[in-house]
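So the structure is just underneath, and the comments pick up after that.
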Amino acid sequence: MQTGLLHLHNLLRWIILILLVLSIVKSFSGWRGKKAFSPGDAKLWLFTMISAHITLLIGLFQLLAGRFGILTTQLPEGVSVMKDKFFRFYWVEHPFGMIVAIVFITLGRGMAKKPVSDETKYRKAFVFFLIALVFILASVPWPFREIIGRPLLP
Ligand code: HEM
């Protein structure tokens, strides 16, 4: 089950990235084109948020009980989390960066329900989604990253 969840966590990264980039492009064109807020965009933002929340749940499970989980791993003698690049990334930097990103995705999606003008919905959602994208791109263990790098696909 652990391997299956890790593979799902890996794959969901692509689903989030595709939905998030689409949300950014559509909220930008809605904002700059002064479009009326569309139910299609509300659905797209909802699916972006749901995929991020599922990834969050799987991530929390991995962080606690996964292969290198906090509860399942005994750090080698003399190793401190913040001084070890691998554990600092997977226990601190990756969860922190991704949780911030997911908060921004949730704020962006929340704009669909806010009683504000359509232009404001699109503009604020665009900014929130863009910030989320920056955090995700910076926090993914891309294969080219030394020590912490992971494959693009499971
Ligand atoms: C947008 C959200 C997230 C994305 C896109 C993402 C992406 C990834 C990717 C691509 C991997 C490597 C998977 C592999 O080795 O095949 C990974 C591993 C991991 N992620 Fe995330 N992640 C996200 C959120 C989180 C969160 C919120 C947490 C913890 C609270 C978390 C904890 C972990 C852990 C502990 C691993 C290492 C698991 C292991 O090697 O056993 N992730 N993540």
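By convention in this document, the chains of the structure tokens carry letters A, B, ... by their order, each chain's residues are numbered from 1, and ligands are numbered from 1 in the order they are shown.
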
Review point. So which residues are near ligand 1, meaning at most 7 Å away with only C-alpha atoms and all ligand atoms counted, given back as a PyMOL selection string?
Key: chain A and resi 6-7+9-10+12-13+16+52+55-56+59-60+62-63+66-69+90-91+94-95+98-99+101-102+136+140-141+150-151+153-154

As a PDB file with N, CA and C atoms, in the first residue's frame, please: the residues near region 35-38 of chain A (cut-off 6 Å, only C-alpha atoms, same-chain neighbours under 3 positions excluded).
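Resulting contents of result_7.pdb:
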```
ATOM      1  N   GLY A  30      -9.718  35.744 -17.873  1.00  0.00           N
ATOM      2  CA  GLY A  30     -10.980  36.269 -17.343  1.00  0.00           C
ATOM      3  C   GLY A  30     -10.803  37.674 -16.784  1.00  0.00           C
ATOM      4  N   ASP A  41     -15.136  27.623 -14.924  1.00  0.00           N
ATOM      5  CA  ASP A  41     -13.944  28.010 -14.154  1.00  0.00           C
ATOM      6  C   ASP A  41     -14.108  27.609 -12.689  1.00  0.00           C
ATOM      7  N   ASP A 118     -16.736  40.038 -10.654  1.00  0.00           N
ATOM      8  CA  ASP A 118     -16.085  38.954 -11.399  1.00  0.00           C
ATOM      9  C   ASP A 118     -14.627  39.304 -11.699  1.00  0.00           C
TER      10      ASP A 118
END
```

Review point. Any idea what the distance is between CA of Ala42 (chain A) and CA of Met111 (chain A)?
Key: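 CA of Ala42 (chain A) sits 9.1 Å away from CA of Met111 (chain A).
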
Check your understanding: Closest to Gly33 (chain A) among A:Ser139, A:Trp45, A:Tyr122, A:Gly4, using only C-alpha atoms?
Key ->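 For Gly33 (chain A), the nearest of the candidates is A:Tyr122.
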
Review point. Hey, which of A:Leu44, A:Met82, A:Ala132, A:Leu71 ends up closest to Lys26 (chain A)? Count only C-alpha atoms.
Key: A:Leu44

**Study point:** DSSP-assigned helix (DSSP H, G or I) members of region 32-146 of chain A, reported as an MDAnalysis selection string
**Key:** chainID A and resid 32 39:65 81:83 85:110 118:139

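Closest to Ser117 (chain A) among A:Trp31, A:Ala138, A:Ile131, A:Leu19 is A:Trp31, based on only C-alpha atoms.
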
Study note, to complete from the structure: Using only C-alpha atoms, the shortest atom-to-atom distance to Glu93 (chain A) among A:Ile70, A:Ser27, A:Phe135, A:Lys114 belongs to A:Phe135

Study note, to complete from the structure: CA of Val25 (chain A) sits from CA of Phe144 (chain A) at a separation of 27.2 Å

Check your understanding: Looking at only C-alpha atoms, which of A:Ile147, A:Leu130, A:Ile18, A:Ala112 is the one that sits closest to Ser51 (chain A)?
Key ->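 Answer, going by the shortest atom-to-atom distance: A:Ile18.
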
Point to revise | Computed interatomic separation between CA of Ile24 (chain A) and CA of Phe126 (chain A) (Å) | key: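 Interatomic distance here is 5.4 Å.
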